[in-house]
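Novice: Got a structure for you, questions after.
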Amino acid sequence: MVMDVMAAAARIEAAGGQVIHMEVGQPAAPAPKCAIAAAHAALATGRLQYTETLGIATLRARIARHYSETYGVAIDPARIAVTTGSSAGFILAFLALFEPGDRVAVALPGYPPYRHILSALGCEPVAIATTQATRWAITPDMLIAEHRRAPLKGVLVASPANPTGTMMTGEALRDLIDAAEGEGIAFISDEIYHGLDYAFAAETAARHSDSVTILNSFSKYFCMTGWRVGWMVVPESLVRTIDRLQGNLAVSVPTLSQIAAEAAFDGRAEMEAVKHGYEANRRILLDGLPKAGFENILPVDGAFYLYAEVSRFCDDSFDFAKRMLEETHVAVTPGVDFDPLEGRRFIRFCYAGSQSEMHEAVKRIGRWLR
Ligand SMILES: Cc1ncc(COP(=O)(O)O)c(C=O)c1O
């Protein structure tokens, strides 16, 4: 559905219209300057060869250090696997953990590729609908009830989440990990939006267990979507499997991107400034959208997403997004992409753009809905 919105936006732009893009979930800012400089220097040598299958050793060590610096959690660099974005990490994780036919729980609303990759691998994604009552998260009760209905082999959660931007508290995360591991259900934690937390500090699943599989990426906090580089933290027992899978599927991750990624950790001050920009954008939307008539907005805890109910205005968020684009030139994503059940009632705004765009979007939408 978002592709249709993007195509319509492109037509408006081709005709000279000024579209405010809030539909695509990626930072507008560039990668840290030190990452770009490191890539230039590497290119200048003219030699970019395969690396170790699980990633350049110094990058893996730097990622492990990130866990001790950020969360106070010690991780053995041997448990870090560098991946081609977290997207490739999902494929590796699912291949390593599951067999065709296995049932794996994911939250609705949620990032669609979880379900699609699982289906493509012959697994069965089991969508668990979340509500306001559980702060839009899967709870131990929900997980166990589904497991009793038919055994689950895995559960995947994201905090901060896409499309909602909501986060699980440290206790909620711990309780769900305990419930899953108590039943032998593999726990996968998508932590790709870590670093972009505003309501409270995001908690890593690594604090609670060495048996969880964690996905992360340089795409969002470090503004490196196109570099296609991410990482996994895997249980010790899975390291060899992930090594063999990645060796066969990809040999290794693009070397230039790994070199830039390692340098990116030195660009945190620059990225914190970008984060402060998102925080300002978040405040502009949280002030302006309710005034424009959006009465139900999910907790805007982290990432750069705001998920708002539109059922006051219409019963089809795709139609709403289309009309809003045509009449205000503000592009958003209809919720049906993230939730085939309730998504008709919601749209997602991405607020990774500039403050002036946020002010302008709020103004245009307010005028349109008045
Ligand atoms: C929740 C979530 N997980 C994973 C990804 C994949 O990102 P990447 O492959 O760039 O790391 C995205 C991208 O938007 C996402 O929103």
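Numbering starts fresh at 1 for the residues of each chain in the structure tokens, the chains themselves are lettered A, B, ... in the order given, and ligands are numbered from 1 as they appear.
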Within 10 Å of ligand 1, counting only C-alpha atoms and all ligand atoms: which residues, as JSON, numbers by chain?
Specialist: {"A": [24, 25, 26, 83, 84, 85, 86, 87, 88, 89, 90, 110, 111, 112, 113, 114, 157, 158, 159, 160, 161, 162, 163, 164, 165, 189, 190, 191, 192, 193, 215, 216, 217, 218, 219, 220, 223, 224, 225, 226, 227, 228, 229, 230, 231, 303, 304, 305]}
Novice: I'd like the interatomic distance between CA of Phe187 (chain A) and CA of Ser257 (chain A), to a tenth of an Å.
Specialist: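 Straight-line distance from CA of Phe187 (chain A) to CA of Ser257 (chain A) works out to 28.1 Å.
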Novice: I need the residue nearest Ala31 (chain A) from this list: A:Glu181, A:Asp315, A:Glu327, A:Glu270. Use only C-alpha atoms for the distance.
Specialist: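 Among A:Glu181, A:Asp315, A:Glu327, A:Glu270, it is A:Glu270 that comes nearest to Ala31 (chain A).
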Novice: If we count only C-alpha atoms and set the cut-off at 10 Å, which residues sit around Glu236 (chain A), ignoring sequence neighbours fewer than 5 positions away in its own chain? Please answer as a PyMOL selection string.
Specialist: chain A and resi 76+78-80+210-211+241
Novice: A:Ala292, A:Ile284, A:Ile63, A:Leu341: which is nearest His359 (chain A), counting only C-alpha atoms?
Specialist: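 Of all the options, A:Ile284 lies closest to His359 (chain A).
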